[in-house]
Each structure stands twice: as structure tokens, then as C-alpha cells.
>>> print(open('entry09.txt').read())   # compact mmCIF, C-alpha atoms
# COMPACT_ATOMS: atom_id res chain seq x y z
CA MET A 567 -5.26 -34.35 -113.50
CA ASP A 568 -8.55 -35.03 -111.68
CA LYS A 569 -10.79 -38.07 -112.05
CA THR A 570 -13.05 -36.45 -114.66
CA GLN A 571 -10.10 -35.47 -116.87
CA ARG A 572 -8.64 -38.97 -116.62
CA ARG A 573 -12.00 -40.46 -117.61
CA TRP A 574 -12.30 -38.19 -120.65
CA THR A 575 -8.68 -38.87 -121.61
CA TRP A 576 -9.04 -42.64 -121.59
CA LEU A 577 -12.44 -42.44 -123.29
CA SER A 578 -11.00 -40.28 -126.08
CA ILE A 579 -7.87 -42.41 -126.57
CA GLY A 580 -9.79 -45.66 -126.28
CA PHE A 581 -12.38 -44.69 -128.86
CA SER A 582 -9.68 -43.47 -131.25
CA LEU A 583 -7.66 -46.69 -130.86
CA LEU A 584 -10.79 -48.78 -131.36
CA VAL A 585 -11.64 -47.06 -134.64
CA LEU A 586 -8.01 -47.21 -135.78
CA GLY A 587 -7.96 -50.93 -134.99
CA VAL A 588 -11.05 -51.51 -137.13
CA VAL A 589 -9.60 -49.43 -139.98
CA LEU A 590 -6.30 -51.34 -139.88
CA TYR A 591 -8.12 -54.69 -139.73
CA LEU A 592 -10.14 -53.82 -142.83
CA THR A 593 -7.27 -52.36 -144.88
CA VAL A 594 -4.01 -54.14 -143.98
CA ASP A 595 -3.14 -57.15 -146.15
CA ARG A 596 -0.12 -58.68 -147.88
CA THR A 597 0.12 -55.72 -150.25
CA THR A 598 0.53 -53.40 -147.26
CA LEU A 599 3.82 -55.06 -146.27
CA GLU A 600 5.12 -54.73 -149.83
CA LEU A 601 4.25 -51.04 -149.93
CA LEU A 602 5.91 -50.43 -146.55
CA LEU A 603 9.25 -51.65 -147.94
CA ASP A 604 9.56 -48.23 -149.60
CA PHE A 605 8.81 -46.33 -146.40
CA ASN A 606 11.01 -43.22 -145.98
CA PRO A 607 11.31 -42.11 -142.32
CA LEU A 608 12.97 -38.82 -143.33
CA TYR A 609 9.69 -37.42 -144.63
CA LEU A 610 7.91 -38.57 -141.48
CA LEU A 611 10.48 -36.62 -139.45
CA LEU A 612 9.87 -33.58 -141.65
CA ALA A 613 6.13 -33.97 -141.01
CA LEU A 614 6.79 -34.02 -137.26
CA LEU A 615 8.93 -30.88 -137.49
CA LEU A 616 6.31 -29.10 -139.58
CA ARG A 617 3.61 -30.08 -137.09
CA THR A 618 5.69 -28.58 -134.29
CA PHE A 619 6.42 -25.44 -136.30
CA SER A 620 2.69 -24.92 -136.94
CA LEU A 621 2.31 -24.31 -133.19
CA VAL A 622 4.77 -21.43 -133.52
CA PHE A 623 2.37 -19.74 -135.97
CA TRP A 624 -0.44 -20.29 -133.47
CA ALA A 625 1.61 -18.78 -130.64
CA TYR A 626 2.55 -15.80 -132.81
CA ARG A 627 -1.14 -15.27 -133.58
CA LEU A 628 -1.82 -15.02 -129.83
CA THR A 629 0.93 -12.44 -129.38
CA GLU A 630 -0.28 -10.34 -132.32
CA LEU A 631 -3.94 -10.34 -131.28
CA SER A 632 -2.94 -9.48 -127.69
CA LYS A 633 -0.64 -6.72 -128.96
CA ALA A 634 -3.59 -5.20 -130.84
CA LEU A 635 -5.27 -4.71 -127.45
CA HIS A 636 -2.06 -3.21 -125.99
CA TYR A 637 -0.90 -6.29 -124.07
CA ARG A 638 2.58 -7.74 -124.33
CA VAL A 639 2.47 -11.53 -124.28
CA SER A 640 5.92 -12.98 -124.84
CA ALA A 641 6.47 -15.65 -127.50
CA ARG A 642 7.55 -18.08 -124.77
CA ASN A 643 4.36 -17.57 -122.75
CA ALA A 644 2.21 -17.75 -125.88
CA PHE A 645 3.82 -21.04 -126.93
CA LEU A 646 3.30 -22.46 -123.44
CA ILE A 647 -0.38 -21.41 -123.55
CA VAL A 648 -0.79 -23.10 -126.94
CA THR A 649 0.83 -26.36 -125.82
CA ALA A 650 -1.20 -26.47 -122.59
CA ASN A 651 -4.40 -25.94 -124.57
CA LEU A 652 -3.64 -28.96 -126.80
CA PHE A 653 -4.32 -31.48 -124.04
CA ALA A 654 -7.70 -30.00 -123.07
CA GLY A 655 -8.70 -29.82 -126.72
CA ALA A 656 -7.75 -33.46 -127.29
CA ILE A 657 -10.12 -34.79 -124.61
CA THR A 658 -13.19 -32.55 -125.04
CA PRO A 659 -15.96 -32.69 -127.68
CA GLY A 660 -15.18 -30.56 -130.70
CA GLN A 661 -11.85 -29.65 -129.06
CA ALA A 662 -13.77 -26.93 -127.18
CA GLY A 663 -11.82 -27.42 -123.95
CA GLY A 664 -8.82 -25.58 -125.35
CA GLU A 665 -10.53 -22.18 -125.36
CA PRO A 666 -10.93 -21.82 -121.56
CA VAL A 667 -7.29 -22.91 -121.13
CA ARG A 668 -6.10 -20.19 -123.51
CA VAL A 669 -8.30 -17.57 -121.82
CA HIS A 670 -6.89 -18.55 -118.41
CA GLY A 671 -3.34 -18.59 -119.76
CA LEU A 672 -3.71 -15.09 -121.19
CA TYR A 673 -5.27 -13.89 -117.93
CA ARG A 674 -2.27 -15.19 -115.98
CA THR A 675 -0.01 -13.09 -118.21
CA GLY A 676 -1.89 -9.91 -117.30
CA VAL A 677 -4.67 -9.80 -119.91
CA LYS A 678 -8.11 -8.93 -118.55
CA ILE A 679 -10.67 -11.74 -118.72
CA GLY A 680 -12.89 -9.87 -121.17
CA ASP A 681 -9.93 -9.01 -123.41
CA ALA A 682 -8.57 -12.57 -123.22
CA THR A 683 -11.99 -13.90 -124.20
CA ALA A 684 -12.08 -11.48 -127.13
CA VAL A 685 -8.67 -12.70 -128.32
CA VAL A 686 -9.73 -16.36 -128.17
CA LEU A 687 -13.06 -15.65 -129.88
CA MET A 688 -11.23 -13.71 -132.58
CA GLU A 689 -9.04 -16.79 -133.12
CA ARG A 690 -12.18 -18.81 -133.82
CA VAL A 691 -13.47 -16.12 -136.19
CA LEU A 692 -10.17 -16.05 -138.09
CA ASP A 693 -10.20 -19.85 -138.27
CA GLY A 694 -13.70 -19.77 -139.73
CA VAL A 695 -12.87 -17.07 -142.27
CA VAL A 696 -9.60 -18.69 -143.40
CA LEU A 697 -11.10 -22.19 -143.63
CA SER A 698 -14.09 -20.84 -145.54
CA LEU A 699 -11.82 -19.07 -148.04
CA MET A 700 -9.63 -22.16 -148.41
CA GLY A 701 -12.76 -24.24 -148.92
CA ALA A 702 -14.07 -21.95 -151.63
CA VAL A 703 -10.75 -22.06 -153.51
CA ALA A 704 -10.49 -25.85 -153.11
CA MET A 705 -14.04 -26.45 -154.33
CA ILE A 706 -13.46 -24.30 -157.41
CA ALA A 707 -10.14 -26.01 -158.18
CA LEU A 708 -11.33 -29.56 -157.45
CA GLY A 709 -15.02 -29.56 -158.29
CA GLU A 710 -15.04 -33.15 -159.57
CA VAL A 711 -13.43 -34.49 -156.39
CA TRP A 712 -15.91 -32.52 -154.29
CA LEU A 713 -18.88 -34.05 -156.13
CA SER A 714 -17.53 -37.59 -155.55
CA LEU A 715 -17.48 -37.27 -151.74
CA PRO A 716 -19.76 -39.50 -149.61
CA LEU A 717 -23.08 -37.93 -148.61
CA SER A 718 -22.30 -38.38 -144.89
CA ILE A 719 -19.14 -36.27 -145.24
CA ILE A 720 -21.00 -33.52 -147.10
CA VAL A 721 -23.75 -33.44 -144.43
CA ALA A 722 -21.22 -33.34 -141.57
CA MET A 723 -19.31 -30.54 -143.27
CA GLY A 724 -22.55 -28.60 -143.81
CA LEU A 725 -23.37 -28.82 -140.08
CA ALA A 726 -19.89 -27.65 -139.18
CA TRP A 727 -20.17 -24.71 -141.58
CA ILE A 728 -23.47 -23.71 -139.95
CA PHE A 729 -21.76 -23.81 -136.55
CA MET A 730 -18.89 -21.57 -137.71
CA VAL A 731 -21.17 -19.12 -139.51
CA GLY A 732 -23.37 -18.94 -136.40
CA LEU A 733 -20.39 -18.00 -134.26
CA ILE A 734 -19.28 -15.32 -136.72
CA LEU A 735 -22.81 -13.87 -136.89
CA LEU A 736 -23.05 -13.82 -133.09
CA LEU A 737 -19.82 -11.83 -132.83
CA ALA A 738 -20.98 -9.52 -135.61
CA LEU A 739 -24.14 -8.91 -133.59
CA ALA A 740 -21.98 -8.12 -130.55
CA VAL A 741 -20.19 -5.45 -132.57
CA ARG A 742 -23.31 -3.90 -134.12
CA ARG A 743 -25.78 -4.41 -131.23
CA PRO A 744 -23.67 -4.74 -128.05
CA GLU A 745 -26.59 -3.95 -125.75
CA ARG A 746 -28.56 -6.95 -127.07
CA VAL A 747 -25.66 -9.35 -126.53
CA LYS A 748 -25.08 -7.98 -123.03
CA SER A 749 -28.77 -8.34 -122.24
CA LEU A 750 -28.68 -11.94 -123.50
CA VAL A 751 -25.66 -12.78 -121.32
CA MET A 752 -27.29 -11.31 -118.22
CA ARG A 753 -30.53 -13.13 -119.00
CA VAL A 754 -28.74 -16.47 -119.24
CA LEU A 755 -26.90 -15.84 -115.96
CA GLY A 756 -30.17 -14.78 -114.31
CA TRP A 757 -31.77 -18.05 -115.44
CA ALA A 758 -28.75 -19.99 -114.11
CA GLU A 759 -29.04 -18.23 -110.75
CA ARG A 760 -32.69 -19.26 -110.41
CA ARG A 761 -31.99 -22.79 -111.66
CA PHE A 762 -28.81 -23.43 -109.65
CA PRO A 763 -28.93 -21.42 -106.40
CA GLY A 764 -25.57 -20.96 -104.70
CA GLU A 765 -22.69 -18.55 -104.26
CA ARG A 766 -20.89 -18.98 -107.59
CA ILE A 767 -23.60 -17.65 -109.93
CA PRO A 768 -24.15 -14.33 -108.06
CA LYS A 769 -20.38 -13.77 -108.14
CA MET A 770 -20.37 -14.41 -111.87
CA ILE A 771 -23.27 -11.98 -112.38
CA ALA A 772 -21.42 -9.35 -110.35
CA SER A 773 -18.37 -9.54 -112.64
CA ALA A 774 -20.22 -10.36 -115.89
CA ASN A 775 -21.38 -6.79 -116.38
CA GLN A 776 -17.83 -5.39 -116.44
CA GLU A 777 -16.29 -8.32 -118.31
CA THR A 778 -19.00 -8.25 -120.99
CA ASP A 779 -18.23 -4.57 -121.51
CA ASN A 780 -14.53 -5.43 -121.82
CA LEU A 781 -15.31 -8.17 -124.34
CA ILE A 782 -17.48 -5.95 -126.54
CA THR A 783 -15.01 -3.06 -126.31
CA SER A 784 -12.21 -5.40 -127.42
CA LEU A 785 -14.24 -6.70 -130.36
CA LEU A 786 -15.02 -3.13 -131.41
CA TYR A 787 -11.33 -2.23 -131.12
CA PHE A 788 -10.35 -5.18 -133.34
CA THR A 789 -12.62 -3.85 -136.08
CA SER A 790 -11.25 -0.30 -135.84
CA LYS A 791 -7.84 0.65 -134.43
CA GLY A 792 -6.78 -2.98 -133.92
CA ARG A 793 -7.06 -3.94 -137.57
CA ARG A 794 -3.31 -4.44 -137.90
CA GLY A 795 -3.48 -7.16 -135.26
CA LEU A 796 -6.42 -8.65 -137.12
CA VAL A 797 -4.46 -8.70 -140.39
CA MET A 798 -1.36 -10.21 -138.76
CA GLY A 799 -3.55 -12.71 -136.94
CA GLY A 800 -5.17 -13.67 -140.24
CA LEU A 801 -1.78 -14.24 -141.87
CA CYS A 802 -0.68 -16.39 -138.93
CA THR A 803 -3.95 -18.33 -139.15
CA ALA A 804 -3.42 -19.03 -142.84
CA ALA A 805 0.18 -20.13 -142.17
CA PHE A 806 -0.97 -22.36 -139.31
CA TRP A 807 -3.63 -24.19 -141.31
CA ALA A 808 -1.45 -24.48 -144.42
CA SER A 809 1.33 -26.11 -142.40
CA GLU A 810 -1.15 -28.37 -140.59
CA PHE A 811 -2.65 -29.53 -143.88
CA PHE A 812 0.73 -30.12 -145.56
CA VAL A 813 1.64 -32.66 -142.84
CA ALA A 814 -0.61 -35.20 -144.57
CA SER A 815 1.20 -34.78 -147.90
CA LEU A 816 4.57 -35.39 -146.22
CA ILE A 817 3.18 -38.58 -144.66
CA LEU A 818 1.99 -39.70 -148.11
CA VAL A 819 5.50 -39.17 -149.52
CA ALA A 820 6.95 -41.09 -146.56
CA LEU A 821 4.72 -44.00 -147.60
CA ALA A 822 6.04 -43.77 -151.19
CA GLN A 823 2.76 -42.27 -152.44
CA PRO A 824 2.25 -39.12 -154.52
CA PRO A 825 1.74 -36.06 -152.26
CA PHE A 826 -1.68 -35.24 -153.80
CA ILE A 827 -1.20 -31.70 -152.46
CA ALA A 828 -4.40 -30.16 -153.87
CA GLN A 829 -6.64 -33.13 -153.07
CA SER A 830 -5.07 -33.56 -149.64
CA PHE A 831 -5.63 -29.89 -148.81
CA LEU A 832 -9.30 -30.29 -149.67
CA PHE A 833 -9.61 -33.45 -147.57
CA GLN A 834 -7.81 -31.89 -144.60
CA LEU A 835 -10.05 -28.86 -144.89
CA ILE A 836 -13.18 -31.03 -144.82
CA ILE A 837 -11.89 -33.00 -141.82
CA ALA A 838 -10.93 -29.80 -139.95
CA ILE A 839 -14.40 -28.33 -140.45
CA VAL A 840 -16.19 -31.57 -139.54
CA MET A 841 -14.08 -31.85 -136.37
CA THR A 842 -15.47 -28.54 -135.10
CA VAL A 843 -18.82 -30.26 -134.47
CA PRO A 844 -18.78 -31.26 -130.76
CA LEU A 845 -19.75 -34.93 -131.04
CA THR A 846 -16.93 -36.98 -129.48
CA PRO A 847 -13.95 -36.16 -127.20
CA GLY A 848 -11.16 -34.79 -129.37
CA SER A 849 -13.29 -35.79 -132.39
CA SER A 850 -12.06 -39.35 -131.84
CA GLY A 851 -13.47 -41.77 -134.36
CA ILE A 852 -14.88 -38.99 -136.54
CA ALA A 853 -11.42 -37.91 -137.71
CA GLU A 854 -10.28 -41.48 -138.37
CA LEU A 855 -13.39 -42.46 -140.31
CA SER A 856 -13.42 -39.22 -142.28
CA ALA A 857 -9.77 -39.56 -143.26
CA THR A 858 -10.22 -43.22 -144.22
CA SER A 859 -13.23 -42.59 -146.46
CA LEU A 860 -11.61 -39.56 -148.13
CA TYR A 861 -8.08 -40.82 -148.76
CA ALA A 862 -9.39 -44.17 -150.02
CA LEU A 863 -10.48 -42.15 -153.07
CA ILE A 864 -6.90 -41.31 -154.10
CA MET A 865 -4.56 -44.00 -152.71
CA PRO A 866 -4.39 -47.82 -152.48
CA SER A 867 -6.75 -49.15 -149.82
CA ALA A 868 -4.00 -51.42 -148.50
CA ILE A 869 -1.99 -48.42 -147.24
CA VAL A 870 -4.87 -46.17 -146.12
CA GLY A 871 -4.99 -47.62 -142.60
CA VAL A 872 -1.27 -47.06 -142.04
CA PHE A 873 -1.56 -43.50 -143.37
CA VAL A 874 -4.47 -42.71 -141.02
CA LEU A 875 -2.52 -44.18 -138.09
CA LEU A 876 0.55 -41.99 -138.77
CA TRP A 877 -1.57 -38.92 -139.53
CA ARG A 878 -3.56 -39.30 -136.31
CA ALA A 879 -0.36 -39.88 -134.35
CA LEU A 880 1.03 -36.52 -135.47
CA LEU A 881 -2.17 -34.50 -135.20
CA TYR A 882 -3.83 -36.13 -132.16
CA TYR A 883 -1.58 -38.29 -130.00
CA TYR A 884 1.14 -35.68 -130.43
CA ASN A 885 -1.30 -33.15 -128.92
CA ILE A 886 -1.86 -35.33 -125.87
CA VAL A 887 1.86 -35.82 -125.20
CA VAL A 888 2.93 -32.22 -125.86
CA GLY A 889 -0.20 -30.88 -124.17
CA ALA A 890 0.46 -32.93 -121.04
CA ILE A 891 4.02 -31.60 -120.89
CA GLY A 892 2.81 -28.03 -121.39
CA SER A 893 0.16 -28.48 -118.68
CA VAL A 894 2.73 -29.81 -116.19
CA VAL A 895 5.08 -26.88 -116.89
CA THR A 896 2.18 -24.43 -116.49
CA VAL A 897 1.08 -25.97 -113.18
CA ARG A 898 4.63 -25.89 -111.83
CA ARG A 899 5.00 -22.26 -112.83
CA GLU A 900 1.72 -21.40 -111.09
CA MET A 901 2.91 -23.17 -107.95
CA GLU A 902 6.19 -21.23 -108.01
CA ARG A 903 4.32 -17.95 -108.40
CA SER A 904 2.05 -18.81 -105.47
CA ARG A 905 5.09 -19.70 -103.37
CA CYS A 906 6.80 -16.41 -104.26
CA ARG A 907 3.68 -14.46 -103.23
CA GLU A 908 3.31 -16.36 -99.96
CA GLU A 909 6.91 -15.95 -98.80
CA PRO A 910 6.80 -12.10 -98.42
CA GLU A 911 3.45 -12.39 -96.64
CA GLN A 912 4.89 -14.93 -94.19
CA GLU A 913 7.94 -12.73 -93.60
CA GLN A 914 5.66 -9.77 -92.86
CA ILE A 915 3.64 -11.86 -90.40
CA ARG A 916 6.86 -12.90 -88.56
CA GLU A 917 8.02 -9.28 -88.35
CA ASN A 918 4.69 -8.21 -86.85
>>> encode(input="entry09.txt", output="C-alpha cells")
Amino acid sequence: MDKTQRRWTWLSIGFSLLVLGVVLYLTVDRTTLELLLDFNPLYLLLALLLRTFSLVFWAYRLTELSKALHYRVSARNAFLIVTANLFAGAITPGQAGGEPVRVHGLYRTGVKIGDATAVVLMERVLDGVVLSLMGAVAMIALGEVWLSLPLSIIVAMGLAWIFMVGLILLLALAVRRPERVKSLVMRVLGWAERRFPGERIPKMIASANQETDNLITSLLYFTSKGRRGLVMGGLCTAAFWASEFFVASLILVALAQPPFIAQSFLFQLIIAIVMTVPLTPGSSGIAELSATSLYALIMPSAIVGVFVLLWRALLYYYNIVVGAIGSVVTVRREMERSRCREEPEQEQIREN
């Protein structure tokens, strides 16, 4: 981990801990200790297992989308890519750092850069579609709860929805008007070359033409012959988000509270959409404040802080720990591959 990554990591963790500290200070009182006497660790363990199993759905989505483009990415490699991406997502605004990690991971398994980018972008599209559908169902089922939400939450969710819809429209434009998207990409790279003279930008421009073609071809394939992969990817996406959202209900039961399954799904949906807005590293602070203000509507305020702490531990600090492990394993594997490639070359040099 370089100096920049360490700085972002400590900034993200520090901000999250600061907000959690404030939330606990404002909510914990004598009643909290009484409520914690009924704490059931079994349900917390189940929440941890479900959180881990949700990553399996994510990994399976990667394999299915890659298979649609005629690439074989093993479940083991896909799971390693997913875990490695967790760490980068946890320390970058809007969790955007995970996408380049997944693209690189797919590339190292033999997927072309353009195709790998198409797979990762399609993941975002599927996330947007599934979350939008879940949101529509939740709003219809829980209209009264939706109307009682704070204005700040509604505004933040609206901005996040605009971001997701913008991404979907951009990809739709790439499918219908590929030449315009390609022209836009080349224009941006041309501007970057004039703005930042050097060797890297010309190299990017040289490869951008081919890789942009690969990306657009992959997107077109997903909407035609690769529809099966799109359907399977959508099912995996729905399973992933459903399992992620149900973690909160299991934590509520562990704290001797009703699961509030419907309300909790709506709240988790709102938080997930708000967290897509790239404001803070790993959405630190935003997630904690959003969860506190939402769950205070349905559970005793004395236990809200403890709930948010446990929920954030499983959906954020868990990512940092597992992501760090996945990153270390990935780096070691890359080093072993490099060593295996260098040894034959050295042997050939000795023979000559």
C-alpha cells in the first residue's frame, strides 16, 4: 500500500469512527445497557455469514457476465477479484475505486480491457436497474414511511438517482450511437494530451481506439446474443442486494428488536443509492448519519447507535479487512506469475 492509499484509508476510517462516536454519544444511555441484556450473538453470526455469502452472488455475477462474452473466469478468481475490490471501494469517494480493480482483475484472467470494462459497466447498470425496481416496489408498499423521511435524505437520494440514470443513459447512447461515444472519448483524450503533455496520454490514445471498439462491441453483444448472461447477471444482482439488505434485519433481531423487514429494505435501499454519490471516502459519515436518521423512525433511540455500529462493522469495516486480505493474495499471485515468467527467460539467457 503506497502513501496515498494509506492516507485515504486512515481518512476514511477516521471520519467513520468520528461520526460513530458522535452517534453513540448522543444515543447511548442507561436504557441502552438494559436493552443489550437481551443481545443474541447467534443472529449477529448469521448476519456475518449472510454478508459473506452475498459476495458469492457478486462473484457469480462476474463469471456469468464474462461467460456471455465467451470468457471463462473461474469462481475462485471471480471471488478473489470481488474481495480485492472491496478495499479500494472502502477508501474512495462513492466506492468508485473498486471498478478499476475489477477491470484489472478480469484483465489478468485473460479478458480484454474493453470487454472487462464492459462487464464492470454492465454491473453498474444492473445495480441501477435492480435498485430502481426495488425502490419502486418499496415506495408503493410503504408510501407513508417514504413521506415521513427527512428532506435531506430525499434530496440526497434524488441526486444519486440522477447519477445512476445518467450512467444508464450514457451506456444506452453507446449502444445506439457508438460513433458519438467514441468521438467523445477521443476528444477527451485529445484535450488531456494538450493539457498534460507527456508519454502516457499518447499511449492511451493509441490503444483507446481499439479498446473503445471492444467496449461498444461488448455492450452491443450484451443486448443481443449475450442476453442470457444479462438475465443471469440480473438475478445474481437481485440476490446480492437482497442478502445485503437482510443483514440489517438480522442485526435488529440480534438486538432483540423486531426485524422490520419491509421498512429496513426501504431504508437500506435509500442508503445504498445515497452512497453512490461520490462525496466522502467509502461514503464514511454519510452512511452512518443516514442509517441513524432512518432507523430512529422505527426503533428506540437508545439502541440506534449500537445498531449503526454493528451494521457498519459488517458492511464497511468487514470490507476493509477482507479487502486487504484479498489484495495481499492478489499481489502475491502476481509476484509468483512474474517470477514464473522470468525464470524461463533467465534460463534461455544462460543457455545462449
>>> residues_around(input="entry09.txt", residues="Leu614 in chain A", least_positions_apart="5", cutoff="12 Å", atoms="all atoms listed in the file", output="compact mmCIF listing (two decimals) with C-alpha atoms, in the frame of the given file")
# COMPACT_ATOMS: atom_id res chain seq x y z
CA PRO A 607 11.31 -42.11 -142.32
CA LEU A 608 12.97 -38.82 -143.33
CA TYR A 609 9.69 -37.42 -144.63
CA PHE A 619 6.42 -25.44 -136.30
CA SER A 620 2.69 -24.92 -136.94
CA LEU A 621 2.31 -24.31 -133.19
CA SER A 809 1.33 -26.11 -142.40
CA GLU A 810 -1.15 -28.37 -140.59
CA PHE A 812 0.73 -30.12 -145.56
CA VAL A 813 1.64 -32.66 -142.84
CA ALA A 814 -0.61 -35.20 -144.57
CA LEU A 816 4.57 -35.39 -146.22
CA ILE A 817 3.18 -38.58 -144.66
CA ALA A 820 6.95 -41.09 -146.56
CA LEU A 876 0.55 -41.99 -138.77
CA TRP A 877 -1.57 -38.92 -139.53
CA ARG A 878 -3.56 -39.30 -136.31
CA ALA A 879 -0.36 -39.88 -134.35
CA LEU A 880 1.03 -36.52 -135.47
CA LEU A 881 -2.17 -34.50 -135.20
CA TYR A 882 -3.83 -36.13 -132.16
CA TYR A 883 -1.58 -38.29 -130.00
CA TYR A 884 1.14 -35.68 -130.43
CA ASN A 885 -1.30 -33.15 -128.92
>>> closest_residue(input="entry09.txt", among="A:Ser698, A:Thr896, A:Gln834, A:Thr658", to="Thr675 in chain A", atoms="only C-alpha atoms")
A:Thr896
>>> closest_residue(input="entry09.txt", among="A:Leu635, A:Leu796, A:Leu610, A:Leu875", to="Gly680 in chain A", atoms="all atoms listed in the file")
A:Leu635
>>> residues_near_point(input="entry09.txt", point="(-0.1, -37.7, -152.8)", cutoff="12 Å", atoms="all atoms listed in the file", output="list of chain:residue names")
A:Phe812, A:Val813, A:Ala814, A:Ser815, A:Leu816, A:Ile817, A:Leu818, A:Val819, A:Ala820, A:Leu821, A:Ala822, A:Gln823, A:Pro824, A:Pro825, A:Phe826, A:Ile827, A:Ala828, A:Gln829, A:Ser830, A:Phe831, A:Phe833, A:Tyr861, A:Ala862, A:Leu863, A:Ile864, A:Met865, A:Pro866, A:Val870, A:Phe873
>>> atom_distance(input="entry09.txt", atom1="CA of Val691 in chain A", atom2="CA of Asn651 in chain A")
17.7 Å
>>> atom_distance(input="entry09.txt", atom1="CA of Thr618 in chain A", atom2="CA of Val874 in chain A")
18.7 Å
>>> axis_aligned_box(input="entry09.txt", around="range 874-881 of chain A", padding_each_side="3 Å", output="JSON")
{"center_x": -1.7, "center_y": -39.3, "center_z": -137.7, "size_x": 11.5, "size_y": 15.7, "size_z": 12.7}
>>> closest_residue(input="entry09.txt", among="A:Leu584, A:Leu646, A:Ile657, A:Met700", to="Arg674 in chain A", atoms="only C-alpha atoms")
A:Leu646
>>> atom_distance(input="entry09.txt", atom1="CA of Ile728 in chain A", atom2="CA of Phe653 in chain A")
26.1 Å
>>> closest_residue(input="entry09.txt", among="A:Val667, A:Leu652, A:Leu692, A:Ala684", to="Cys802 in chain A", atoms="all atoms listed in the file")
A:Leu692
>>> residues_around(input="entry09.txt", residues="Gly701 in chain A", least_positions_apart="4", cutoff="9 Å", atoms="only C-alpha atoms", output="MDAnalysis selection string")
chainID A and resid 696:697 705:706 832 835:836
>>> residues_around(input="entry09.txt", residues="Arg794 in chain A", least_positions_apart="2", cutoff="12 Å", atoms="only C-alpha atoms", output="MDAnalysis selection string")
chainID A and resid 627 630:635 787:792 796:801
